[in-house]
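Enquirer: Right, I'll just put the structure down here and ask away after.
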Amino acid sequence: MKKYILLLCFTALLASCSTGRLSKSDALSESETIILGEIKILNEGKDVTKNAKIYFDENEKGVLSYKLSEHGLLVMKLPKGNHFVKYIYTPYGSINLPIGYANIAVPEAGKSYYIGTIVIDAQGKLRKKSRGIIYDTDPKGLKEEKAEITVTDAPDAATKAYHDEFGANKKIEKALMTVTE
């Protein structure tokens, strides 16, 4: 009986996490938009992008997050408006960015926006904060640190992946991520 209750609780936890991962069967609500881009995460010269997770806006675990593939392509839906990258989790550690440091503005719903080819260099600032064998993905206990973030306008890989998945007739506008110093 305990196993079934535990399984039920785990299932409820997974269902409560909100990711913006987009699939062909998803329909956008009247207040949602699509962002696409390419993100690469480096730490001391090593590419740690594979299985990294990007958290937007919130300090709560699982809210507006996106798990990156090995290639770092990002195609997700999120509400229109202004957003910021708050927290970056990698299997090698995490970094908690200051609120409003890495910003994305997507002003209109129902559109697709290219946010850039983004390289985040953590410069050895990735921190492991473990609780037993599970790494903590809650940034409340981690100090805020800036990482070196460069944004370039090189949409080829991201737009090709988007068009391959959703059709070549989809128009993409630019809304490159901005980084405040």
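Quick note on naming: the chains in the structure tokens go A, B, ... in the order shown, residues restart at 1 in each chain, and ligands are numbered from 1 in order of appearance.
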Leaving out Gly45 (chain A) and any residue of its chain fewer than 4 positions from it, which residues lie within 10 Å of it when counting only C-alpha atoms, given as a list in words?
Expert: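 Within the cut-off, the hits are Ile41, Asp121, Ala122, Gln123 and Gly124 of chain A.
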Enquirer: Restricting the output to N, CA and C atoms, write the selected residues as a compact mmCIF listing (two decimals), in the first residue's frame.
Expert:
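Output file again_16.txt follows:
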```
# COMPACT_ATOMS: atom_id res chain seq x y z
N ILE A 41 26.17 25.73 -22.72
CA ILE A 41 26.64 26.05 -21.37
C ILE A 41 28.05 25.49 -21.20
N ASP A 121 28.89 31.03 -20.17
CA ASP A 121 30.14 30.53 -19.61
C ASP A 121 30.10 30.75 -18.10
N ALA A 122 29.93 29.66 -17.36
CA ALA A 122 29.82 29.75 -15.90
C ALA A 122 31.16 30.04 -15.24
N GLN A 123 32.25 29.92 -15.96
CA GLN A 123 33.60 30.27 -15.50
C GLN A 123 33.92 29.64 -14.13
N GLY A 124 33.56 28.39 -13.95
CA GLY A 124 33.87 27.70 -12.70
C GLY A 124 32.95 28.05 -11.55
```
Enquirer: What's around Ala102 (chain A) at 12 Å? Count only C-alpha atoms, leave out sequence neighbours fewer than 5 positions away in its own chain, and write the answer as a PyMOL selection string.
Expert: chain A and resi 54-57+82-88+96-97+115-116+118-120+145-151+176-181
Enquirer: Go ahead and dump the residues you just picked, C-alpha atoms, as a CSV table (one decimal), in the first residue's frame.
Expert:
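File written: result.csv
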```csv
chain,number,residue,atom,x,y,z
A,54,ILE,CA,17.0,26.4,-17.7
A,55,TYR,CA,14.5,27.9,-15.2
A,56,PHE,CA,12.7,31.1,-16.2
A,57,ASP,CA,11.2,33.8,-14.0
A,82,ASN,CA,9.0,39.9,-20.4
A,83,HIS,CA,10.9,37.0,-18.9
A,84,PHE,CA,14.3,36.3,-17.5
A,85,VAL,CA,16.6,33.3,-17.0
A,86,LYS,CA,16.9,32.8,-13.2
A,87,TYR,CA,18.6,29.5,-12.7
A,88,ILE,CA,20.7,27.1,-14.6
A,96,ASN,CA,21.6,31.2,-9.7
A,97,LEU,CA,21.5,34.3,-11.9
A,115,ILE,CA,16.0,34.6,-29.0
A,116,GLY,CA,19.5,34.0,-30.2
A,118,ILE,CA,23.4,31.9,-26.5
A,119,VAL,CA,26.7,30.8,-24.9
A,120,ILE,CA,26.6,30.8,-21.1
A,145,GLU,CA,26.1,35.2,-9.5
A,146,LYS,CA,26.5,36.5,-13.0
A,147,ALA,CA,27.9,34.3,-15.7
A,148,GLU,CA,29.4,35.5,-18.9
A,149,ILE,CA,26.6,35.4,-21.5
A,150,THR,CA,27.1,36.1,-25.2
A,151,VAL,CA,24.2,36.3,-27.6
A,176,LEU,CA,17.2,38.5,-29.0
A,177,MET,CA,18.0,37.9,-25.4
A,178,THR,CA,19.5,40.9,-23.7
A,179,VAL,CA,22.1,40.8,-20.8
A,180,THR,CA,22.3,43.7,-18.4
A,181,GLU,CA,25.6,44.4,-16.7
```
Enquirer: Which polymer residues have any atom within 6 Å of an atom of Lys80 (chain A), counting only C-alpha atoms, with same-chain residues fewer than 6 positions away left out, as a PyMOL selection string?
Expert: chain A and resi 31-33+106-109
Enquirer: Would you save the residues from that selection as a tab-separated table (two decimals), in the first residue's frame, using all heavy atoms?
Expert:
```
chain	number	residue	atom	x	y	z
A	31	SER	N	-2.72	33.68	-24.82
A	31	SER	CA	-1.69	34.47	-24.15
A	31	SER	C	-0.29	33.88	-24.30
A	31	SER	O	0.65	34.38	-23.71
A	31	SER	CB	-2.02	34.61	-22.67
A	31	SER	OG	-1.98	33.34	-22.05
A	32	GLU	N	-0.14	32.81	-25.10
A	32	GLU	CA	1.16	32.16	-25.22
A	32	GLU	C	1.87	32.49	-26.53
A	32	GLU	O	1.23	32.84	-27.52
A	32	GLU	CB	1.01	30.64	-25.12
A	32	GLU	CG	0.65	30.17	-23.73
A	32	GLU	CD	0.50	28.67	-23.67
A	32	GLU	OE1	-0.08	28.07	-24.60
A	32	GLU	OE2	0.95	28.09	-22.67
A	33	THR	N	3.17	32.34	-26.49
A	33	THR	CA	4.02	32.53	-27.66
A	33	THR	C	5.07	31.43	-27.67
A	33	THR	O	5.16	30.64	-26.73
A	33	THR	CB	4.65	33.94	-27.64
A	33	THR	OG1	5.31	34.17	-28.86
A	33	THR	CG2	5.62	34.10	-26.49
A	106	VAL	N	8.96	38.97	-25.29
A	106	VAL	CA	8.12	38.44	-26.38
A	106	VAL	C	6.77	39.14	-26.28
A	106	VAL	O	5.89	38.73	-25.55
A	106	VAL	CB	8.01	36.90	-26.32
A	106	VAL	CG1	9.31	36.26	-26.76
A	106	VAL	CG2	7.68	36.40	-24.92
A	107	PRO	N	6.59	40.22	-27.04
A	107	PRO	CA	5.46	41.12	-26.84
A	107	PRO	C	4.10	40.64	-27.34
A	107	PRO	O	3.08	41.11	-26.84
A	107	PRO	CB	5.88	42.38	-27.59
A	107	PRO	CG	6.85	41.92	-28.62
A	107	PRO	CD	7.54	40.72	-28.03
A	108	GLU	N	4.06	39.74	-28.31
A	108	GLU	CA	2.77	39.36	-28.88
A	108	GLU	C	2.53	37.87	-28.79
A	108	GLU	O	3.42	37.07	-29.04
A	108	GLU	CB	2.68	39.80	-30.35
A	108	GLU	CG	2.68	41.31	-30.51
A	108	GLU	CD	2.52	41.71	-31.96
A	108	GLU	OE1	1.62	41.18	-32.63
A	108	GLU	OE2	3.30	42.56	-32.42
A	109	ALA	N	1.31	37.50	-28.46
A	109	ALA	CA	0.93	36.08	-28.38
A	109	ALA	C	0.74	35.52	-29.78
A	109	ALA	O	0.50	36.24	-30.73
A	109	ALA	CB	-0.36	35.95	-27.59
```
Enquirer: Between A:Leu126, A:Ile104, A:Val75, A:Ile34, which one has atoms that come closest to Glu165 (chain A), using only C-alpha atoms?
Expert: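 Looking only at the distances to Glu165 (chain A), the closest residue turns out to be A:Val75.
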Enquirer: Nearest to Gly72 (chain A): which of A:Gly37, A:Gly93, A:Gly167, A:Gly100 is it, counting only C-alpha atoms?
Expert: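 The closest residue to Gly72 (chain A) is A:Gly37.
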Enquirer: Pick out each residue of region 80-176 of chain A that DSSP on the backbone tags as helix (DSSP H, G or I); I need them as a ChimeraX atom specification.
Expert: /A:139-141,156-166
Enquirer: Restrict the selected residues to N, CA and C atoms and save them as a PDB file, in the first residue's frame.
Expert:
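And here is the file that came out, again_13.pdb:
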```
ATOM      1  N   PRO A 139      16.902  27.498  -6.083  1.00  0.00           N
ATOM      2  CA  PRO A 139      17.942  28.515  -5.975  1.00  0.00           C
ATOM      3  C   PRO A 139      17.888  29.374  -4.715  1.00  0.00           C
ATOM      4  N   LYS A 140      16.878  29.200  -3.866  1.00  0.00           N
ATOM      5  CA  LYS A 140      16.746  30.074  -2.697  1.00  0.00           C
ATOM      6  C   LYS A 140      17.979  30.058  -1.811  1.00  0.00           C
ATOM      7  N   GLY A 141      18.630  28.915  -1.712  1.00  0.00           N
ATOM      8  CA  GLY A 141      19.793  28.812  -0.844  1.00  0.00           C
ATOM      9  C   GLY A 141      21.105  29.152  -1.513  1.00  0.00           C
ATOM     10  N   ASP A 156      20.456  29.762 -37.890  1.00  0.00           N
ATOM     11  CA  ASP A 156      20.348  28.629 -38.817  1.00  0.00           C
ATOM     12  C   ASP A 156      19.926  27.320 -38.155  1.00  0.00           C
ATOM     13  N   ALA A 157      20.638  26.871 -37.137  1.00  0.00           N
ATOM     14  CA  ALA A 157      20.337  25.569 -36.519  1.00  0.00           C
ATOM     15  C   ALA A 157      18.965  25.576 -35.847  1.00  0.00           C
ATOM     16  N   ALA A 158      18.656  26.638 -35.111  1.00  0.00           N
ATOM     17  CA  ALA A 158      17.377  26.698 -34.385  1.00  0.00           C
ATOM     18  C   ALA A 158      16.194  26.793 -35.338  1.00  0.00           C
ATOM     19  N   THR A 159      16.293  27.633 -36.356  1.00  0.00           N
ATOM     20  CA  THR A 159      15.163  27.770 -37.282  1.00  0.00           C
ATOM     21  C   THR A 159      14.980  26.520 -38.136  1.00  0.00           C
ATOM     22  N   LYS A 160      16.083  25.859 -38.499  1.00  0.00           N
ATOM     23  CA  LYS A 160      15.965  24.611 -39.262  1.00  0.00           C
ATOM     24  C   LYS A 160      15.247  23.547 -38.427  1.00  0.00           C
ATOM     25  N   ALA A 161      15.639  23.402 -37.168  1.00  0.00           N
ATOM     26  CA  ALA A 161      14.989  22.419 -36.299  1.00  0.00           C
ATOM     27  C   ALA A 161      13.507  22.757 -36.113  1.00  0.00           C
ATOM     28  N   TYR A 162      13.203  24.023 -35.957  1.00  0.00           N
ATOM     29  CA  TYR A 162      11.813  24.455 -35.779  1.00  0.00           C
ATOM     30  C   TYR A 162      10.998  24.189 -37.046  1.00  0.00           C
ATOM     31  N   HIS A 163      11.531  24.576 -38.189  1.00  0.00           N
ATOM     32  CA  HIS A 163      10.819  24.360 -39.451  1.00  0.00           C
ATOM     33  C   HIS A 163      10.679  22.869 -39.776  1.00  0.00           C
ATOM     34  N   ASP A 164      11.692  22.066 -39.471  1.00  0.00           N
ATOM     35  CA  ASP A 164      11.594  20.622 -39.697  1.00  0.00           C
ATOM     36  C   ASP A 164      10.469  20.013 -38.863  1.00  0.00           C
ATOM     37  N   GLU A 165      10.310  20.503 -37.659  1.00  0.00           N
ATOM     38  CA  GLU A 165       9.295  19.945 -36.761  1.00  0.00           C
ATOM     39  C   GLU A 165       7.896  20.500 -37.019  1.00  0.00           C
ATOM     40  N   PHE A 166       7.796  21.797 -37.274  1.00  0.00           N
ATOM     41  CA  PHE A 166       6.483  22.442 -37.318  1.00  0.00           C
ATOM     42  C   PHE A 166       6.075  22.993 -38.681  1.00  0.00           C
TER      43      PHE A 166
END
```
Enquirer: Which residue, A:Pro79, A:Ser29, A:Tyr66, A:Thr90, has the smallest gap to Lys50 (chain A) when you use only C-alpha atoms?
Expert: A:Thr90
Enquirer: Suppose you want the space between CA of Asp153 (chain A) and CA of Pro91 (chain A); what is it in Å?
Expert: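 A separation of 27.8 Å between them.
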Enquirer: Which distance in Å separates CA of Asp47 (chain A) and CA of Thr152 (chain A), to one decimal?
Expert: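 Separating CA of Asp47 (chain A) from CA of Thr152 (chain A) is a distance of 17.8 Å.
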Enquirer: Please provide the set of residues having any atom within 8 Å of Ser69 (chain A), restricted to only C-alpha atoms, with same-chain residues fewer than 6 positions apart removed, written as a count of residues only.
Expert: 4
Enquirer: Which residue is closest to Met76 (chain A)? Choose from A:Lys40, A:Lys143, A:Lys125, A:Lys111 and count only C-alpha atoms.
Expert: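 Of A:Lys40, A:Lys143, A:Lys125, A:Lys111, the one nearest Met76 (chain A) is A:Lys111, counting only C-alpha atoms.
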